[in-house]
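**Student:** Before we start, here is the structure in question, set down as structure tokens.
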Amino acid sequence: MSVLGRVGRPVPGGLRRLSVQEVRGGARMVVCATLSWYLSVELGISSAPIAAVLPAVFTLSGIPLWAPRLGLYRLGGVLLGVGIAAVALRWLPVSTFSLAVVVSAGYLASLLLRIDGVPSQQVLVSAVLVFGVPVSGYPEQRVLENLVGIAVVILLGPLLWPPDPCRLLSGRLDVYRDRLDHLLEELGRRPGRAPLRQGAGQREGLWQQPHDLGRDLERARRALRWSVTHRRSAAALDEVGHRIHLAERTAAPLHCLTAQLNAAGGLPAAGPSDAHAPDTHAPAAHAPDAHAPLLDAVRHALVRALDGADPAEPIALARVIGGQDGLARSGRHDSLLRGLLLLVLDRLDDYREAHFTGR
């Protein structure tokens with residue numbers, strides 16, 4: 001069976017099956033890289049223009065609508081790095097000392113040219129590569145190859161099988177919502193115990209997802225300003241953006257809440273021999289039990305809001321449960337858990353008031 005015939009089917013050995021977007025992304029990268037190589041050869045720049053291929057490899061790995069902006073940043077990094085290396089080769093002999101000078105200058109320059117707040121490694125890479133090939137004409141050749149590759153990426157990349165950024169971000173938000181729902185449900189139905197240990201590794205990156213979604217949302221908004229094919233996605237992107245901001249605002253209290261509930265379960269950190277040893281420093285084991293109804297109501301409200309529906313009913317239920325005397329008069333640790341849940345409810349109220357009230 002061919003490789004294409006296996007796309008979308010489970011692959012033995014633990015490999016994840018390919019998605020349609022991944023196949024399209026690979027095809028987009030291959031087309032742009034091949035065309036960049038071909039044009040560089042035809043223009044007589046080089047017989048093996050590796051540098052012309054790199055823009056397609058590095059800038060088309062994400063959403064292609066970002067490619068023009070990333071390509072321009074890459075061009076700036078290449079020009080700056082090549083300039084640093086050219087000056088160093090002009091005034092210094094090739095030596096360990098001059099390499100240290102180039103790396104230092106390249107690093108400082110990368111701090112000036114940042115992409116979304118992150119220093120541009122392209123400056124340092126270009127400076128070191130050009131410095132390592134002290135051949136006449138090589139700096140100019142590398143710049144020309146990058147110009148061809150970046151031009152292809154900017155002009156052609158966003159037009160080849162362009163995915164809808166709104167659909168991509170909404171799909172990723174749905175994944176986060178489902179994982180969060182599963183985690184909170186697991187905590188609520190296991191009173192007095194922490195979630196299963198084998199699920200811990202899968203949750204390590206959960207709280208980073210809202211931040212990543214917020215970053216990519218801003219990238220998509222900037223990209224749509226220059227996109228002709230996805231102008232209509234701007235309104236839909238705003239709706240997804242409201243839910244992403246809700247996920248960002250609730251991530252920190254939920255992270256703290258789940259950490260406290262894990263601690264309340266008294267899961268032993270030592271080996272099997274200490275499994276039955278009492279932990280005098282652990283919070284009371286009944287804490288997850290006492291807050292299970294409130295946790296469940298907050299979970300339903302949050303999942304409903306992240307799904308784009310009006311969370312009025314589960315919020316009202318959670319308020320009733322949260323105002324009960326038994327919870328209000330609880331101890332210090334129970335009060336912390338209740339306060340975190342009510343904080344999440346407050347942020348759900350803000351979200352609902354901004355986006356559902358008055359419809």
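Starting from 1 in every chain, residues are counted up; chains themselves are A, B, ... following the order of the structure tokens, and ligands are numbered from 1 as listed.
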Residues near Val143 in chain A, anyone? I mean within 9 Å using only C-alpha atoms, not counting same-chain ones fewer than 3 positions away, as a PDB file with N, CA, C and O atoms, in the first residue's frame.
**Tutor:**
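Everything below was put into selection.pdb:
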```
ATOM      1  N   ALA A  51      20.553  27.959   0.644  1.00  0.00           N
ATOM      2  CA  ALA A  51      19.958  29.050   1.402  1.00  0.00           C
ATOM      3  C   ALA A  51      18.611  29.473   0.830  1.00  0.00           C
ATOM      4  O   ALA A  51      17.769  30.029   1.555  1.00  0.00           O
ATOM      5  N   LEU A  75      14.440  37.933   6.354  1.00  0.00           N
ATOM      6  CA  LEU A  75      15.289  38.724   5.476  1.00  0.00           C
ATOM      7  C   LEU A  75      16.084  39.756   6.272  1.00  0.00           C
ATOM      8  O   LEU A  75      17.287  39.946   6.039  1.00  0.00           O
ATOM      9  N   VAL A  78      18.873  37.912   8.035  1.00  0.00           N
ATOM     10  CA  VAL A  78      19.942  37.509   7.117  1.00  0.00           C
ATOM     11  C   VAL A  78      20.825  38.704   6.780  1.00  0.00           C
ATOM     12  O   VAL A  78      22.065  38.617   6.822  1.00  0.00           O
ATOM     13  N   LEU A  79      20.213  39.830   6.432  1.00  0.00           N
ATOM     14  CA  LEU A  79      20.996  41.018   6.076  1.00  0.00           C
ATOM     15  C   LEU A  79      21.864  41.486   7.240  1.00  0.00           C
ATOM     16  O   LEU A  79      23.045  41.824   7.061  1.00  0.00           O
ATOM     17  N   VAL A  82      24.697  38.730   7.835  1.00  0.00           N
ATOM     18  CA  VAL A  82      25.703  38.771   6.766  1.00  0.00           C
ATOM     19  C   VAL A  82      26.553  40.030   6.898  1.00  0.00           C
ATOM     20  O   VAL A  82      27.774  40.004   6.696  1.00  0.00           O
ATOM     21  N   TYR A 138      30.662  35.065  -1.391  1.00  0.00           N
ATOM     22  CA  TYR A 138      29.694  34.206  -0.699  1.00  0.00           C
ATOM     23  C   TYR A 138      28.644  35.009   0.074  1.00  0.00           C
ATOM     24  O   TYR A 138      27.466  34.638   0.040  1.00  0.00           O
ATOM     25  N   PRO A 139      29.004  36.104   0.774  1.00  0.00           N
ATOM     26  CA  PRO A 139      27.955  36.862   1.462  1.00  0.00           C
ATOM     27  C   PRO A 139      26.869  37.372   0.511  1.00  0.00           C
ATOM     28  O   PRO A 139      25.682  37.260   0.809  1.00  0.00           O
ATOM     29  N   GLU A 140      27.290  37.894  -0.637  1.00  0.00           N
ATOM     30  CA  GLU A 140      26.306  38.374  -1.601  1.00  0.00           C
ATOM     31  C   GLU A 140      25.434  37.223  -2.137  1.00  0.00           C
ATOM     32  O   GLU A 140      24.215  37.374  -2.333  1.00  0.00           O
ATOM     33  N   ASN A 146      18.560  33.916  -0.313  1.00  0.00           N
ATOM     34  CA  ASN A 146      17.485  34.167   0.641  1.00  0.00           C
ATOM     35  C   ASN A 146      16.415  35.074   0.049  1.00  0.00           C
ATOM     36  O   ASN A 146      15.221  34.887   0.318  1.00  0.00           O
ATOM     37  N   LEU A 147      16.823  36.043  -0.761  1.00  0.00           N
ATOM     38  CA  LEU A 147      15.846  36.918  -1.395  1.00  0.00           C
ATOM     39  C   LEU A 147      14.904  36.125  -2.288  1.00  0.00           C
ATOM     40  O   LEU A 147      13.685  36.341  -2.272  1.00  0.00           O
ATOM     41  N   VAL A 148      15.457  35.194  -3.068  1.00  0.00           N
ATOM     42  CA  VAL A 148      14.623  34.374  -3.942  1.00  0.00           C
ATOM     43  C   VAL A 148      13.686  33.505  -3.111  1.00  0.00           C
ATOM     44  O   VAL A 148      12.471  33.437  -3.364  1.00  0.00           O
TER      45      VAL A 148
END
```
**Student:** What lies within 7 Å of Ala67 in chain A using only C-alpha atoms, ignoring chain neighbours under 3 positions off, as number ranges by chain?
**Tutor:** A: 59-60, 64, 70-71, 153-154, 157-158
**Student:** Dump C-alpha atoms for the selected residues as a PDB file, in the first residue's frame?
**Tutor:**
```
ATOM      1  CA  THR A  59       8.515  29.952   7.661  1.00  0.00           C
ATOM      2  CA  LEU A  60       5.911  27.552   6.275  1.00  0.00           C
ATOM      3  CA  PRO A  64       0.943  30.023   5.921  1.00  0.00           C
ATOM      4  CA  LEU A  70       8.047  35.782   9.101  1.00  0.00           C
ATOM      5  CA  GLY A  71       9.764  35.996   5.698  1.00  0.00           C
ATOM      6  CA  VAL A 153       7.336  32.145   0.328  1.00  0.00           C
ATOM      7  CA  ILE A 154       5.698  35.572   0.525  1.00  0.00           C
ATOM      8  CA  GLY A 157       3.017  30.285   0.291  1.00  0.00           C
ATOM      9  CA  PRO A 158      -0.288  31.852   1.476  1.00  0.00           C
TER      10      PRO A 158
END
```
**Student:** Using only C-alpha atoms for the distances, tell me which of A:Ala100, A:Leu343, A:Leu184, A:Leu217 is nearest to Arg172 in chain A.
**Tutor:** A:Leu217
**Student:** Ranking A:Gly149, A:Gly117, A:Gly132, A:Pro68 by minimum distance to Pro55 in chain A and counting only C-alpha atoms, which one comes first?
**Tutor:**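 Looking only at the distances to Pro55 in chain A, the closest residue turns out to be A:Gly149.
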**Student:** Could you name the residues that touch range 309-324 of chain A at 12 Å or less, counting only C-alpha atoms, but leaving out those on the same chain fewer than 6 positions away, as a PyMOL selection string?
**Tutor:** chain A and resi 239-240+243+290-303+330+334-335+337-357+359
**Student:** Just the selected residues (N, CA and C atoms), exported as a CSV table (one decimal), in the first residue's frame, please.
**Tutor:**
```csv
chain,number,residue,atom,x,y,z
A,239,GLU,N,-14.9,36.1,17.4
A,239,GLU,CA,-15.7,35.3,18.3
A,239,GLU,C,-14.9,34.2,19.0
A,240,VAL,N,-14.0,33.6,18.2
A,240,VAL,CA,-13.1,32.6,18.8
A,240,VAL,C,-12.1,33.3,19.7
A,243,ARG,N,-13.4,33.6,23.3
A,243,ARG,CA,-13.3,32.3,24.1
A,243,ARG,C,-11.9,32.0,24.4
A,290,ALA,N,-16.0,17.9,49.7
A,290,ALA,CA,-16.8,19.1,50.0
A,290,ALA,C,-17.1,20.0,48.9
A,291,HIS,N,-16.1,20.1,48.0
A,291,HIS,CA,-16.2,21.0,46.9
A,291,HIS,C,-16.6,20.3,45.5
A,292,ALA,N,-16.9,19.0,45.6
A,292,ALA,CA,-17.3,18.3,44.3
A,292,ALA,C,-18.5,18.9,43.6
A,293,PRO,N,-19.6,19.2,44.4
A,293,PRO,CA,-20.7,19.8,43.6
A,293,PRO,C,-20.4,21.2,43.0
A,294,LEU,N,-19.7,22.0,43.7
A,294,LEU,CA,-19.3,23.4,43.2
A,294,LEU,C,-18.4,23.2,42.0
A,295,LEU,N,-17.4,22.3,42.2
A,295,LEU,CA,-16.5,22.1,41.1
A,295,LEU,C,-17.2,21.6,39.8
A,296,ASP,N,-18.2,20.7,40.0
A,296,ASP,CA,-18.9,20.2,38.9
A,296,ASP,C,-19.7,21.3,38.2
A,297,ALA,N,-20.3,22.1,39.0
A,297,ALA,CA,-21.1,23.2,38.4
A,297,ALA,C,-20.2,24.2,37.6
A,298,VAL,N,-19.1,24.5,38.2
A,298,VAL,CA,-18.1,25.4,37.5
A,298,VAL,C,-17.6,24.8,36.3
A,299,ARG,N,-17.3,23.5,36.3
A,299,ARG,CA,-16.9,22.8,35.1
A,299,ARG,C,-17.9,22.9,34.0
A,300,HIS,N,-19.1,22.6,34.3
A,300,HIS,CA,-20.2,22.7,33.3
A,300,HIS,C,-20.3,24.1,32.7
A,301,ALA,N,-20.2,25.1,33.6
A,301,ALA,CA,-20.3,26.5,33.1
A,301,ALA,C,-19.1,26.9,32.2
A,302,LEU,N,-17.9,26.5,32.6
A,302,LEU,CA,-16.7,26.8,31.8
A,302,LEU,C,-16.7,26.1,30.5
A,303,VAL,N,-17.0,24.8,30.5
A,303,VAL,CA,-17.0,24.0,29.2
A,303,VAL,C,-18.1,24.6,28.3
A,330,SER,N,-16.2,26.9,56.0
A,330,SER,CA,-15.1,25.9,55.9
A,330,SER,C,-13.8,26.4,56.4
A,334,ASP,N,-10.1,24.7,52.6
A,334,ASP,CA,-11.4,24.7,51.9
A,334,ASP,C,-11.8,26.1,51.4
A,335,SER,N,-11.5,27.1,52.2
A,335,SER,CA,-11.8,28.5,51.8
A,335,SER,C,-10.9,28.9,50.5
A,337,LEU,N,-9.9,26.7,48.2
A,337,LEU,CA,-10.5,26.1,47.0
A,337,LEU,C,-11.8,26.8,46.6
A,338,ARG,N,-12.6,27.2,47.6
A,338,ARG,CA,-13.8,27.9,47.2
A,338,ARG,C,-13.5,29.2,46.6
A,339,GLY,N,-12.5,29.9,47.1
A,339,GLY,CA,-12.2,31.2,46.5
A,339,GLY,C,-11.7,31.1,45.1
A,340,LEU,N,-10.9,30.0,44.8
A,340,LEU,CA,-10.5,29.8,43.4
A,340,LEU,C,-11.6,29.5,42.5
A,341,LEU,N,-12.6,28.7,42.9
A,341,LEU,CA,-13.7,28.4,42.1
A,341,LEU,C,-14.6,29.6,41.9
A,342,LEU,N,-14.7,30.4,42.9
A,342,LEU,CA,-15.5,31.7,42.8
A,342,LEU,C,-14.8,32.7,41.9
A,343,LEU,N,-13.5,32.7,41.9
A,343,LEU,CA,-12.8,33.5,41.0
A,343,LEU,C,-13.0,33.1,39.5
A,344,VAL,N,-13.0,31.8,39.3
A,344,VAL,CA,-13.4,31.4,37.9
A,344,VAL,C,-14.8,31.8,37.5
A,345,LEU,N,-15.7,31.7,38.5
A,345,LEU,CA,-17.1,32.1,38.2
A,345,LEU,C,-17.2,33.6,37.9
A,346,ASP,N,-16.4,34.4,38.7
A,346,ASP,CA,-16.4,35.9,38.4
A,346,ASP,C,-15.9,36.2,37.0
A,347,ARG,N,-14.9,35.4,36.5
A,347,ARG,CA,-14.4,35.7,35.1
A,347,ARG,C,-15.4,35.1,34.1
A,348,LEU,N,-16.1,34.1,34.5
A,348,LEU,CA,-17.2,33.6,33.6
A,348,LEU,C,-18.3,34.7,33.5
A,349,ASP,N,-18.6,35.3,34.7
A,349,ASP,CA,-19.7,36.4,34.7
A,349,ASP,C,-19.2,37.5,33.8
A,350,ASP,N,-18.0,37.9,33.9
A,350,ASP,CA,-17.5,39.0,33.0
A,350,ASP,C,-17.6,38.7,31.6
A,351,TYR,N,-17.3,37.4,31.2
A,351,TYR,CA,-17.3,37.0,29.8
A,351,TYR,C,-18.8,37.0,29.4
A,352,ARG,N,-19.7,36.5,30.2
A,352,ARG,CA,-21.1,36.4,29.8
A,352,ARG,C,-21.7,37.8,29.7
A,353,GLU,N,-21.4,38.7,30.6
A,353,GLU,CA,-21.9,40.0,30.5
A,353,GLU,C,-21.4,40.8,29.3
A,354,ALA,N,-20.2,40.5,28.9
A,354,ALA,CA,-19.6,41.2,27.7
A,354,ALA,C,-20.2,40.7,26.4
A,355,HIS,N,-20.5,39.4,26.3
A,355,HIS,CA,-20.8,38.7,25.0
A,355,HIS,C,-22.2,38.1,24.9
A,356,PHE,N,-23.0,38.1,26.0
A,356,PHE,CA,-24.3,37.5,25.9
A,356,PHE,C,-25.4,38.4,26.4
A,357,THR,N,-25.1,39.2,27.4
A,357,THR,CA,-26.1,40.1,27.9
A,357,THR,C,-26.5,41.2,26.8
A,359,ARG,N,-28.3,40.5,24.1
A,359,ARG,CA,-28.5,39.9,22.8
A,359,ARG,C,-30.0,39.8,22.4
```
**Student:** Taking the DSSP secondary structure from the backbone, can you list the residues of range 40-128 of chain A that are strand (DSSP E), as a PyMOL selection string?
**Tutor:** chain A and resi 114-115+118-119
**Student:** For the residues in that selection, give me N, CA, C and O atoms as a compact mmCIF listing (two decimals), in the first residue's frame.
**Tutor:**
```
# COMPACT_ATOMS: atom_id res chain seq x y z
N ARG A 114 13.64 41.25 17.18
CA ARG A 114 12.85 40.23 17.86
C ARG A 114 11.60 39.90 17.05
O ARG A 114 11.03 40.77 16.38
N ILE A 115 11.18 38.64 17.13
CA ILE A 115 9.95 38.19 16.51
C ILE A 115 9.00 37.79 17.63
O ILE A 115 9.23 36.80 18.32
N VAL A 118 10.69 37.36 20.89
CA VAL A 118 11.75 36.36 20.99
C VAL A 118 12.92 36.80 20.12
O VAL A 118 12.72 37.17 18.94
N PRO A 119 14.18 36.78 20.63
CA PRO A 119 15.33 37.18 19.81
C PRO A 119 15.43 36.34 18.54
O PRO A 119 15.20 35.14 18.54
```
**Student:** I need the residue nearest Cys166 in chain A from this list: A:Leu246, A:Val135, A:Leu213, A:Leu237. Use only C-alpha atoms for the distance.
**Tutor:** A:Leu237
